[in-house]
$ cat run37.pdb   # PDB, C-alpha atoms
ATOM      1  CA  MET A1277      -0.186   2.867  23.528
ATOM      2  CA  THR A1278       0.265   6.147  25.333
ATOM      3  CA  GLU A1279      -2.259   8.253  23.470
ATOM      4  CA  THR A1280      -5.456   7.594  21.597
ATOM      5  CA  ARG A1281      -5.868   8.551  17.976
ATOM      6  CA  ASP A1282      -8.449  11.156  19.053
ATOM      7  CA  GLU A1283      -5.855  12.953  21.134
ATOM      8  CA  ILE A1284      -3.559  13.163  18.132
ATOM      9  CA  GLY A1285      -6.334  15.166  16.449
ATOM     10  CA  LEU A1286      -6.248  13.714  12.991
ATOM     11  CA  GLU A1287      -7.151  15.812  10.013
ATOM     12  CA  ALA A1288      -6.491  15.074   6.372
ATOM     13  CA  GLY A1289      -2.970  16.246   5.644
ATOM     14  CA  GLY A1290      -3.050  18.168   8.909
ATOM     15  CA  GLY A1291       0.621  17.708   9.639
ATOM     16  CA  VAL A1292       0.079  14.378  11.392
ATOM     17  CA  ARG A1293       3.256  12.338  11.586
ATOM     18  CA  LYS A1294       2.828   8.662  12.228
ATOM     19  CA  LYS A1295       5.301   5.840  12.564
ATOM     20  CA  PHE A1296       5.051   3.674   9.430
ATOM     21  CA  MET A1297       6.938   0.402   9.216
ATOM     22  CA  PHE A1298       7.158  -1.541   5.977
ATOM     23  CA  VAL A1299       7.837  -5.204   6.552
ATOM     24  CA  ASN A1300       9.611  -6.997   3.715
ATOM     25  CA  ARG A1301       9.439 -10.758   3.930
ATOM     26  CA  LYS A1302       9.836 -11.875   0.327
ATOM     27  CA  ALA A1303      12.766 -12.379  -2.031
ATOM     28  CA  PRO A1304      13.335  -9.469  -4.444
ATOM     29  CA  TYR A1305      12.492 -11.449  -7.583
ATOM     30  CA  GLY A1306      10.036 -14.245  -8.256
ATOM     31  CA  THR A1307       7.103 -12.139  -7.110
ATOM     32  CA  ILE A1308       6.343  -8.443  -7.423
ATOM     33  CA  TYR A1309       5.885  -7.764  -3.687
ATOM     34  CA  ALA A1310       9.330  -6.291  -3.034
ATOM     35  CA  LEU A1311       9.220  -3.952  -6.020
ATOM     36  CA  GLU A1312       5.680  -2.678  -5.474
ATOM     37  CA  GLY A1313       6.323  -2.464  -1.734
ATOM     38  CA  LEU A1314       9.255  -0.176  -2.358
ATOM     39  CA  GLU A1315       7.009   2.107  -4.394
ATOM     40  CA  VAL A1316       4.774   2.610  -1.360
ATOM     41  CA  VAL A1317       7.819   3.399   0.786
ATOM     42  CA  LEU A1318       8.857   6.198  -1.565
ATOM     43  CA  ILE A1319       5.362   7.710  -1.572
ATOM     44  CA  SER A1320       5.071   7.569   2.215
ATOM     45  CA  ALA A1321       8.343   9.468   2.529
ATOM     46  CA  ALA A1322       6.800  12.257   0.428
ATOM     47  CA  PHE A1323       4.029  12.480   3.059
ATOM     48  CA  ASP A1324       6.626  13.380   5.685
ATOM     49  CA  GLN A1325       5.944  10.327   7.843
ATOM     50  CA  ASP A1326       8.332   8.606  10.246
ATOM     51  CA  VAL A1327       9.208   5.681   7.976
ATOM     52  CA  SER A1328      11.203   2.563   8.753
ATOM     53  CA  LEU A1329      11.790  -0.694   6.897
ATOM     54  CA  ALA A1330      12.071  -4.167   8.340
ATOM     55  CA  PHE A1331      13.587  -7.122   6.528
ATOM     56  CA  LEU A1332      12.754 -10.642   7.669
ATOM     57  CA  ASP A1333      12.670 -14.119   6.185
ATOM     58  CA  ASP A1334      13.653 -14.121   2.479
ATOM     59  CA  GLY A1335      13.165 -10.343   2.533
ATOM     60  CA  VAL A1336      16.814 -10.026   3.584
ATOM     61  CA  TYR A1337      17.811 -11.058   0.050
ATOM     62  CA  GLN A1338      16.418  -7.711  -1.149
ATOM     63  CA  LEU A1339      19.452  -5.981   0.357
ATOM     64  CA  VAL A1340      22.203  -8.296  -0.855
ATOM     65  CA  LYS A1341      24.911  -6.678  -2.991
ATOM     66  CA  GLY A1342      25.638  -7.697  -6.562
ATOM     67  CA  GLN A1343      22.161  -8.612  -7.773
ATOM     68  CA  GLN A1344      22.229  -9.646 -11.425
ATOM     69  CA  THR A1345      18.863  -9.892 -13.097
ATOM     70  CA  LYS A1346      19.732  -9.898 -16.773
ATOM     71  CA  GLY A1347      18.977 -13.585 -17.176
ATOM     72  CA  LEU A1348      15.562 -13.069 -15.568
ATOM     73  CA  GLU A1349      14.785 -10.172 -17.898
ATOM     74  CA  VAL A1350      13.531  -8.111 -14.999
ATOM     75  CA  LYS A1351      14.852  -4.786 -13.793
ATOM     76  CA  ASN A1352      17.409  -4.809 -11.010
ATOM     77  CA  PHE A1353      15.776  -2.349  -8.642
ATOM     78  CA  SER A1354      18.237  -2.820  -5.778
ATOM     79  CA  PRO A1355      19.925   0.583  -6.405
ATOM     80  CA  THR A1356      16.666   2.127  -5.145
ATOM     81  CA  TYR A1357      17.547   1.010  -1.611
ATOM     82  CA  ARG A1358      20.641   3.183  -1.855
ATOM     83  CA  ALA A1359      18.474   6.151  -2.836
ATOM     84  CA  LEU A1360      16.248   5.842   0.249
ATOM     85  CA  GLU A1361      18.610   8.007   2.254
ATOM     86  CA  GLY A1362      17.771  10.911  -0.070
ATOM     87  CA  TYR A1363      14.117  10.465   0.931
ATOM     88  CA  ASP A1364      15.047  10.641   4.623
ATOM     89  CA  VAL A1365      14.314   6.943   4.986
ATOM     90  CA  GLU A1366      17.268   5.880   7.076
ATOM     91  CA  LYS A1367      15.863   3.340   9.507
ATOM     92  CA  LEU A1368      16.459  -0.081   7.990
ATOM     93  CA  TYR A1369      16.186  -3.006  10.402
ATOM     94  CA  VAL A1370      17.321  -6.476   9.429
ATOM     95  CA  GLU A1371      16.537  -9.539  11.488
ATOM     96  CA  ARG A1372      19.689 -11.294  12.639
ATOM     97  CA  GLU A1373      18.134 -14.749  12.627
ATOM     98  CA  ALA A1374      17.072 -14.321   9.000
ATOM     99  CA  LEU A1375      20.616 -13.379   7.962
ATOM    100  CA  GLU A1376      22.172 -16.247   9.886
ATOM    101  CA  ALA A1377      19.755 -18.842   8.567
ATOM    102  CA  ARG A1378      20.772 -17.838   5.033
ATOM    103  CA  GLY A1379      24.488 -17.446   5.637
ATOM    104  CA  ILE A1380      24.437 -13.732   4.773
ATOM    105  CA  ARG A1381      26.883 -11.382   6.480
ATOM    106  CA  GLU A1382      26.149  -7.736   7.194
ATOM    107  CA  ASP A1383      29.062  -6.640   4.958
ATOM    108  CA  GLN A1384      27.298  -8.288   2.010
ATOM    109  CA  LEU A1385      24.408  -5.816   2.250
ATOM    110  CA  LEU A1386      24.276  -2.834  -0.083
ATOM    111  CA  VAL A1387      23.212  -0.208   2.463
ATOM    112  CA  PRO A1388      23.972   0.484   6.132
ATOM    113  CA  VAL A1389      21.414  -1.288   8.332
ATOM    114  CA  GLN A1390      20.729  -2.034  11.948
ATOM    115  CA  VAL A1391      20.836  -5.759  12.601
ATOM    116  CA  VAL A1392      18.379  -6.652  15.367
ATOM    117  CA  SER A1393      17.167  -9.861  16.955
ATOM    118  CA  ALA A1394      13.666 -11.187  16.302
ATOM    119  CA  ARG A1395      12.752 -10.097  19.817
ATOM    120  CA  GLU A1396      13.998  -6.555  19.216
ATOM    121  CA  MET A1397      12.163  -6.494  15.895
ATOM    122  CA  GLY A1398       8.983  -7.335  17.762
ATOM    123  CA  GLN A1399       9.574  -4.453  20.139
ATOM    124  CA  LEU A1400      10.124  -2.075  17.210
ATOM    125  CA  MET A1401       6.871  -3.235  15.658
ATOM    126  CA  GLU A1402       5.066  -2.586  18.896
ATOM    127  CA  GLN A1403       6.084   1.074  18.689
ATOM    128  CA  GLN A1404       4.549   1.604  15.248
ATOM    129  CA  ASP A1405       1.256   3.259  14.319
ATOM    130  CA  VAL A1406       1.005   1.606  10.911
ATOM    131  CA  ILE A1407       2.587  -1.642   9.736
ATOM    132  CA  ILE A1408       2.336  -2.624   6.100
ATOM    133  CA  GLY A1409       3.737  -5.974   5.079
ATOM    134  CA  PHE A1410       4.611  -7.178   1.614
TER     135      PHE A1410
ATOM    136  CA  MET B1326     -13.251   2.924  15.266
ATOM    137  CA  ASN B1327     -12.254   4.092  11.831
ATOM    138  CA  PHE B1328     -10.657   1.384   9.668
ATOM    139  CA  GLY B1329      -8.610   1.586   6.503
ATOM    140  CA  LEU B1330      -8.175  -1.663   4.553
ATOM    141  CA  LEU B1331      -5.429  -2.698   2.158
ATOM    142  CA  ILE B1332      -5.946  -5.671  -0.164
ATOM    143  CA  ASN B1333      -2.895  -7.098  -1.903
ATOM    144  CA  GLU B1334      -4.231 -10.257  -3.504
ATOM    145  CA  GLY B1335      -6.470 -11.013  -6.448
ATOM    146  CA  PRO B1336     -10.012 -12.367  -6.113
ATOM    147  CA  TYR B1337     -10.617 -16.145  -6.252
ATOM    148  CA  ASN B1338      -6.869 -16.825  -6.352
ATOM    149  CA  HIS B1339      -6.520 -15.972  -2.672
ATOM    150  CA  GLN B1340      -8.593 -15.761   0.483
ATOM    151  CA  ALA B1341      -7.458 -12.178   1.238
ATOM    152  CA  ALA B1342     -10.205 -10.451  -0.753
ATOM    153  CA  ASP B1343     -12.923 -12.575   0.872
ATOM    154  CA  THR B1344     -11.585 -12.032   4.377
ATOM    155  CA  ALA B1345     -11.283  -8.299   3.799
ATOM    156  CA  TYR B1346     -14.868  -8.131   2.574
ATOM    157  CA  GLN B1347     -16.152 -10.097   5.577
ATOM    158  CA  PHE B1348     -14.104  -7.856   7.868
ATOM    159  CA  ALA B1349     -15.578  -4.702   6.309
ATOM    160  CA  ARG B1350     -19.124  -6.035   6.619
ATOM    161  CA  ALA B1351     -18.591  -7.082  10.232
ATOM    162  CA  ALA B1352     -16.974  -3.770  11.181
ATOM    163  CA  LEU B1353     -19.843  -1.777   9.667
ATOM    164  CA  ALA B1354     -22.403  -4.023  11.344
ATOM    165  CA  LYS B1355     -20.756  -3.254  14.696
ATOM    166  CA  GLY B1356     -21.080   0.474  14.054
ATOM    167  CA  HIS B1357     -17.472   1.103  13.018
ATOM    168  CA  ARG B1358     -16.455   3.141  10.016
ATOM    169  CA  VAL B1359     -14.545   1.824   7.023
ATOM    170  CA  GLN B1360     -12.859   4.899   5.690
ATOM    171  CA  ARG B1361     -11.326   3.343   2.592
ATOM    172  CA  VAL B1362     -10.441   0.061   0.923
ATOM    173  CA  PHE B1363      -7.262   0.338  -1.119
ATOM    174  CA  PHE B1364      -6.478  -2.267  -3.789
ATOM    175  CA  TYR B1365      -2.832  -2.919  -4.586
ATOM    176  CA  ASN B1366      -0.661  -5.609  -6.174
ATOM    177  CA  ASP B1367      -2.952  -8.228  -7.788
ATOM    178  CA  GLY B1368      -5.667  -6.850  -5.504
ATOM    179  CA  VAL B1369      -6.526  -4.416  -8.299
ATOM    180  CA  ASN B1370      -8.256  -7.323 -10.074
ATOM    181  CA  ASN B1371     -11.018  -7.073  -7.467
ATOM    182  CA  ALA B1372     -12.236  -4.064  -9.449
ATOM    183  CA  SER B1373     -12.593  -5.606 -12.918
ATOM    184  CA  LYS B1374     -16.132  -5.452 -14.280
ATOM    185  CA  LEU B1375     -15.145  -8.159 -16.784
ATOM    186  CA  THR B1376     -15.192 -10.696 -13.952
ATOM    187  CA  GLU B1377     -17.678 -13.508 -14.543
ATOM    188  CA  PRO B1378     -17.477 -16.307 -12.001
ATOM    189  CA  PRO B1379     -19.618 -19.469 -12.363
ATOM    190  CA  GLN B1380     -23.173 -18.801 -11.230
ATOM    191  CA  ASP B1381     -22.962 -21.012  -8.161
ATOM    192  CA  ASP B1382     -19.983 -19.037  -6.832
ATOM    193  CA  ARG B1383     -19.864 -15.732  -4.967
ATOM    194  CA  HIS B1384     -19.359 -12.646  -7.149
ATOM    195  CA  ILE B1385     -16.495 -10.897  -5.415
ATOM    196  CA  VAL B1386     -16.495  -7.806  -7.635
ATOM    197  CA  ASN B1387     -20.240  -7.199  -7.446
ATOM    198  CA  ARG B1388     -20.071  -7.710  -3.701
ATOM    199  CA  TRP B1389     -17.634  -4.782  -3.421
ATOM    200  CA  SER B1390     -19.798  -2.610  -5.674
ATOM    201  CA  LYS B1391     -22.824  -3.336  -3.504
ATOM    202  CA  LEU B1392     -20.860  -2.494  -0.371
ATOM    203  CA  ALA B1393     -19.867   0.862  -1.832
ATOM    204  CA  GLN B1394     -23.430   1.580  -2.893
ATOM    205  CA  GLU B1395     -24.951   0.646   0.457
ATOM    206  CA  SER B1396     -22.341   2.006   2.833
ATOM    207  CA  GLY B1397     -20.471   4.636   0.848
ATOM    208  CA  VAL B1398     -17.136   2.898   1.380
ATOM    209  CA  ASP B1399     -14.405   4.480  -0.741
ATOM    210  CA  LEU B1400     -12.960   1.769  -3.024
ATOM    211  CA  VAL B1401      -9.649   2.929  -4.471
ATOM    212  CA  VAL B1402      -7.545   1.101  -7.062
ATOM    213  CA  CYS B1403      -3.857   1.960  -7.418
ATOM    214  CA  VAL B1404      -3.282   3.511 -10.821
ATOM    215  CA  ALA B1405       0.246   2.135 -11.338
ATOM    216  CA  ALA B1406      -0.597  -1.384 -10.185
ATOM    217  CA  GLY B1407      -3.749  -1.256 -12.337
ATOM    218  CA  LEU B1408      -1.942  -0.171 -15.487
ATOM    219  CA  ARG B1409       0.559  -3.008 -15.069
ATOM    220  CA  ARG B1410      -2.307  -5.479 -15.063
ATOM    221  CA  GLY B1411      -4.579  -3.931 -17.676
ATOM    222  CA  LEU B1412      -7.028  -2.574 -15.112
ATOM    223  CA  VAL B1413      -8.060   0.870 -16.347
ATOM    224  CA  GLU B1414     -11.046   3.235 -16.046
ATOM    225  CA  ASP B1415     -12.867   1.490 -18.926
ATOM    226  CA  ASN B1416     -13.121  -1.855 -17.157
ATOM    227  CA  LEU B1417     -13.736  -0.576 -13.654
ATOM    228  CA  ALA B1418     -16.815  -1.941 -11.851
ATOM    229  CA  PRO B1419     -19.271   0.526 -10.231
ATOM    230  CA  GLY B1420     -18.208   2.031  -6.904
ATOM    231  CA  PHE B1421     -14.457   1.829  -7.604
ATOM    232  CA  ARG B1422     -12.198   4.722  -8.504
ATOM    233  CA  ILE B1423      -8.600   4.878  -9.669
ATOM    234  CA  SER B1424      -6.064   6.978  -7.807
ATOM    235  CA  GLY B1425      -2.483   7.038  -6.585
ATOM    236  CA  LEU B1426      -0.567   5.382  -3.771
ATOM    237  CA  GLY B1427      -0.888   8.596  -1.789
ATOM    238  CA  GLN B1428      -4.436   7.467  -1.007
ATOM    239  CA  LEU B1429      -3.041   4.423   0.776
ATOM    240  CA  VAL B1430      -0.608   6.468   2.847
ATOM    241  CA  GLU B1431      -3.396   8.938   3.634
ATOM    242  CA  SER B1432      -5.498   6.001   4.799
ATOM    243  CA  GLY B1433      -2.690   4.976   7.141
ATOM    244  CA  ILE B1434      -2.564   8.499   8.520
ATOM    245  CA  GLU B1435      -6.295   9.092   8.849
ATOM    246  CA  ALA B1436      -7.616   5.714   9.960
ATOM    247  CA  ASP B1437      -7.310   4.499  13.540
ATOM    248  CA  ARG B1438      -6.133   1.167  12.157
ATOM    249  CA  LEU B1439      -4.912   0.163   8.719
ATOM    250  CA  VAL B1440      -5.579  -3.534   8.279
ATOM    251  CA  VAL B1441      -3.597  -5.375   5.604
ATOM    252  CA  PHE B1442      -5.012  -8.406   3.803
ATOM    253  CA  GLY B1443      -2.356 -10.222   1.839
ATOM    254  CA  ASP B1444      -0.136 -13.243   1.579
TER     255      ASP B1444
END
$ encode --input "run37.pdb" --output "structure tokens"
Amino acid sequence: MTETRDEIGLEAGGGVRKKFMFVNRKAPYGTIYALEGLEVVLISAAFDQDVSLAFLDDGVYQLVKGQQTKGLEVKNFSPTYRALEGYDVEKLYVEREALEARGIREDQLLVPVQVVSAREMGQLMEQQDVIIGF
Amino acid sequence: MNFGLLINEGPYNHQAADTAYQFARAALAKGHRVQRVFFYNDGVNNASKLTEPPQDDRHIVNRWSKLAQESGVDLVVCVAAGLRRGLVEDNLAPGFRISGLGQLVESGIEADRLVVFGD
């Protein structure tokens, strides 16, 4: 860390811009984590923070094209990932190992992403101020 | 140091709420500040005053209320997550308040560390 939080001079809503990373590790359906996690992402964007998203483990399924949820009787919220760009949330990192282990190709994802190795993902995490995992 | 806490799991069902509570107590005992505890996902159930565990068990909800009373820790329940689960103002235990997700993001901005307790 190059600077302490004191040097940043934090004040409530005082124009402080931190690096927030939201780490998505769970499948989109079956539990509510992905959906409620996405709600936090949208709010954080409204706070003008430097927001990025990471997708690991089963979290990579959140970005797969062609989700059909009718039979589950739950809302297909995957179009929201397409809307993130409009919130200036454009840094989406997907772990290569997680894709490969599940036989998912990058062209099967519904938004442009940066595919990174687990090691690179670790380095990205190291650069963050706040990491929230769901 | 100034800590913000996020709790994403319900009481009794998961260790997260217990660990978060122990963390808050330990941090305060060491002279740190706990700026806010934010309850999200099933974590909102930590705030239900209807909770009645067996007498020989810890009372997770009352424990939070006591912490707020003694140390002035700000206990915030997410309004949207609460509504989904039937947790509203009427069944809120003492020391908790209901507010929006902005309070969580603000905690991330203001605290030196935001510590997440979840699955």
$ interface_residues --input "run37.pdb" --of "chain B" --to "chain A" --cutoff "9 Å" --atoms "only C-alpha atoms" --output "MDAnalysis selection string"
chainID B and resid 1331 1333 1365:1366 1406 1426:1427 1429:1431 1433:1441 1443:1444
$ resolve_selection --input "run37.pdb" --expression "the PyMOL selection byres ((chain A and resi 1343) around 12)" --output "PDB file with C-alpha atoms, in the frame of the given file"
ATOM      1  CA  ALA A1303      12.766 -12.379  -2.031  1.00  0.00           C
ATOM      2  CA  PRO A1304      13.335  -9.469  -4.444  1.00  0.00           C
ATOM      3  CA  TYR A1305      12.492 -11.449  -7.583  1.00  0.00           C
ATOM      4  CA  TYR A1337      17.811 -11.058   0.050  1.00  0.00           C
ATOM      5  CA  GLN A1338      16.418  -7.711  -1.149  1.00  0.00           C
ATOM      6  CA  LEU A1339      19.452  -5.981   0.357  1.00  0.00           C
ATOM      7  CA  VAL A1340      22.203  -8.296  -0.855  1.00  0.00           C
ATOM      8  CA  LYS A1341      24.911  -6.678  -2.991  1.00  0.00           C
ATOM      9  CA  GLY A1342      25.638  -7.697  -6.562  1.00  0.00           C
ATOM     10  CA  GLN A1344      22.229  -9.646 -11.425  1.00  0.00           C
ATOM     11  CA  THR A1345      18.863  -9.892 -13.097  1.00  0.00           C
ATOM     12  CA  LYS A1346      19.732  -9.898 -16.773  1.00  0.00           C
ATOM     13  CA  GLY A1347      18.977 -13.585 -17.176  1.00  0.00           C
ATOM     14  CA  LEU A1348      15.562 -13.069 -15.568  1.00  0.00           C
ATOM     15  CA  VAL A1350      13.531  -8.111 -14.999  1.00  0.00           C
ATOM     16  CA  LYS A1351      14.852  -4.786 -13.793  1.00  0.00           C
ATOM     17  CA  ASN A1352      17.409  -4.809 -11.010  1.00  0.00           C
ATOM     18  CA  PHE A1353      15.776  -2.349  -8.642  1.00  0.00           C
ATOM     19  CA  SER A1354      18.237  -2.820  -5.778  1.00  0.00           C
ATOM     20  CA  PRO A1355      19.925   0.583  -6.405  1.00  0.00           C
ATOM     21  CA  GLN A1384      27.298  -8.288   2.010  1.00  0.00           C
ATOM     22  CA  LEU A1385      24.408  -5.816   2.250  1.00  0.00           C
ATOM     23  CA  LEU A1386      24.276  -2.834  -0.083  1.00  0.00           C
TER      24      LEU A1386
END
$ residues_around --input "run37.pdb" --residues "Tyr1346 in chain B" --least-positions-apart "6" --cutoff "10 Å" --atoms "all atoms listed in the file" --output "JSON, numbers by chain"
{"B": [1330, 1332, 1352, 1362, 1385, 1388, 1389, 1392, 1442]}
$ axis_aligned_box --input "run37.pdb" --around "range 1342-1355 of chain A" --padding-each-side "8 Å" --output "AutoDock Vina command-line options"
--center_x 19.6 --center_y -6.5 --center_z -11.8 --size_x 28.1 --size_y 30.2 --size_z 28.1
$ atom_distance --input "run37.pdb" --atom1 "CA of Leu1332 in chain A" --atom2 "CA of Ala1374 in chain A"
5.8 Å
$ atom_distance --input "run37.pdb" --atom1 "CA of Arg1422 in chain B" --atom2 "CA of Val1402 in chain B"
6.1 Å
$ atom_distance --input "run37.pdb" --atom1 "CA of Lys1367 in chain A" --atom2 "CA of Val1389 in chain A"
7.3 Å
$ residues_around --input "run37.pdb" --residues "Arg1350 in chain B" --least-positions-apart "2" --cutoff "12 Å" --atoms "only C-alpha atoms" --output "list of chain:residue names"
B:Phe1328, B:Leu1330, B:Asp1343, B:Thr1344, B:Ala1345, B:Tyr1346, B:Gln1347, B:Phe1348, B:Ala1352, B:Leu1353, B:Ala1354, B:Lys1355, B:Gly1356, B:His1357, B:Arg1358, B:Val1359, B:Arg1388, B:Trp1389, B:Lys1391, B:Leu1392, B:Ala1393, B:Glu1395, B:Ser1396, B:Val1398
$ closest_residue --input "run37.pdb" --among "A:Val1370, A:Leu1314, A:Val1365, A:Val1387" --to "Leu1400 in chain A" --atoms "only C-alpha atoms"
A:Val1370
$ resolve_selection --input "run37.pdb" --expression "the PyMOL selection byres ((chain B and resi 1412) around 12)" --output "PyMOL selection string"
chain B and resi 1364-1376+1402-1411+1413-1418+1421-1423
$ residues_around --input "run37.pdb" --residues "Val1391 in chain A" --least-positions-apart "3" --cutoff "10 Å" --atoms "only C-alpha atoms" --output "CSV table (one decimal) with C-alpha atoms, keeping the file's coordinate frame"
chain,number,residue,atom,x,y,z
A,1330,ALA,CA,12.1,-4.2,8.3
A,1331,PHE,CA,13.6,-7.1,6.5
A,1368,LEU,CA,16.5,-0.1,8.0
A,1369,TYR,CA,16.2,-3.0,10.4
A,1370,VAL,CA,17.3,-6.5,9.4
A,1371,GLU,CA,16.5,-9.5,11.5
A,1372,ARG,CA,19.7,-11.3,12.6
A,1373,GLU,CA,18.1,-14.7,12.6
A,1375,LEU,CA,20.6,-13.4,8.0
A,1382,GLU,CA,26.1,-7.7,7.2
A,1388,PRO,CA,24.0,0.5,6.1
A,1394,ALA,CA,13.7,-11.2,16.3
A,1396,GLU,CA,14.0,-6.6,19.2
A,1397,MET,CA,12.2,-6.5,15.9
$ build_atoms --input "run37.pdb" --residues "range 1313-1320 of chain A" --atoms "all heavy atoms" --output "CSV table (one decimal), keeping the file's coordinate frame"
chain,number,residue,atom,x,y,z
A,1313,GLY,N,6.2,-2.9,-3.1
A,1313,GLY,CA,6.3,-2.5,-1.7
A,1313,GLY,C,7.2,-1.2,-1.6
A,1313,GLY,O,6.9,-0.3,-0.9
A,1314,LEU,N,8.3,-1.3,-2.4
A,1314,LEU,CA,9.3,-0.2,-2.4
A,1314,LEU,C,8.6,1.1,-2.9
A,1314,LEU,O,8.9,2.2,-2.5
A,1314,LEU,CB,10.5,-0.6,-3.2
A,1314,LEU,CG,11.8,0.1,-3.0
A,1314,LEU,CD1,12.2,0.2,-1.5
A,1314,LEU,CD2,12.9,-0.6,-3.8
A,1315,GLU,N,7.7,0.9,-3.8
A,1315,GLU,CA,7.0,2.1,-4.4
A,1315,GLU,C,6.2,2.8,-3.3
A,1315,GLU,O,6.1,4.0,-3.3
A,1315,GLU,CB,6.1,1.7,-5.6
A,1315,GLU,CG,7.0,1.4,-6.8
A,1315,GLU,CD,6.2,0.9,-8.0
A,1315,GLU,OE1,5.0,0.9,-8.0
A,1315,GLU,OE2,6.9,0.5,-9.0
A,1316,VAL,N,5.6,2.0,-2.4
A,1316,VAL,CA,4.8,2.6,-1.4
A,1316,VAL,C,5.7,3.3,-0.4
A,1316,VAL,O,5.3,4.4,0.1
A,1316,VAL,CB,4.0,1.5,-0.6
A,1316,VAL,CG1,3.0,2.2,0.4
A,1316,VAL,CG2,3.1,0.7,-1.6
A,1317,VAL,N,6.9,2.8,-0.1
A,1317,VAL,CA,7.8,3.4,0.8
A,1317,VAL,C,8.2,4.8,0.3
A,1317,VAL,O,8.2,5.8,1.1
A,1317,VAL,CB,9.1,2.5,0.9
A,1317,VAL,CG1,10.2,3.3,1.7
A,1317,VAL,CG2,8.8,1.2,1.5
A,1318,LEU,N,8.5,4.9,-1.0
A,1318,LEU,CA,8.9,6.2,-1.6
A,1318,LEU,C,7.7,7.2,-1.5
A,1318,LEU,O,8.0,8.4,-1.1
A,1318,LEU,CB,9.3,6.0,-3.0
A,1318,LEU,CG,10.5,5.1,-3.2
A,1318,LEU,CD1,10.8,4.9,-4.7
A,1318,LEU,CD2,11.7,5.6,-2.5
A,1319,ILE,N,6.5,6.8,-1.7
A,1319,ILE,CA,5.4,7.7,-1.6
A,1319,ILE,C,5.2,8.2,-0.1
A,1319,ILE,O,4.9,9.3,0.2
A,1319,ILE,CB,4.1,7.0,-2.1
A,1319,ILE,CG1,4.2,6.7,-3.6
A,1319,ILE,CG2,2.9,7.9,-1.8
A,1319,ILE,CD1,4.1,7.8,-4.5
A,1320,SER,N,5.3,7.2,0.8
A,1320,SER,CA,5.1,7.6,2.2
A,1320,SER,C,6.1,8.6,2.7
A,1320,SER,O,5.8,9.4,3.5
A,1320,SER,CB,5.1,6.3,3.1
A,1320,SER,OG,6.4,5.7,3.1
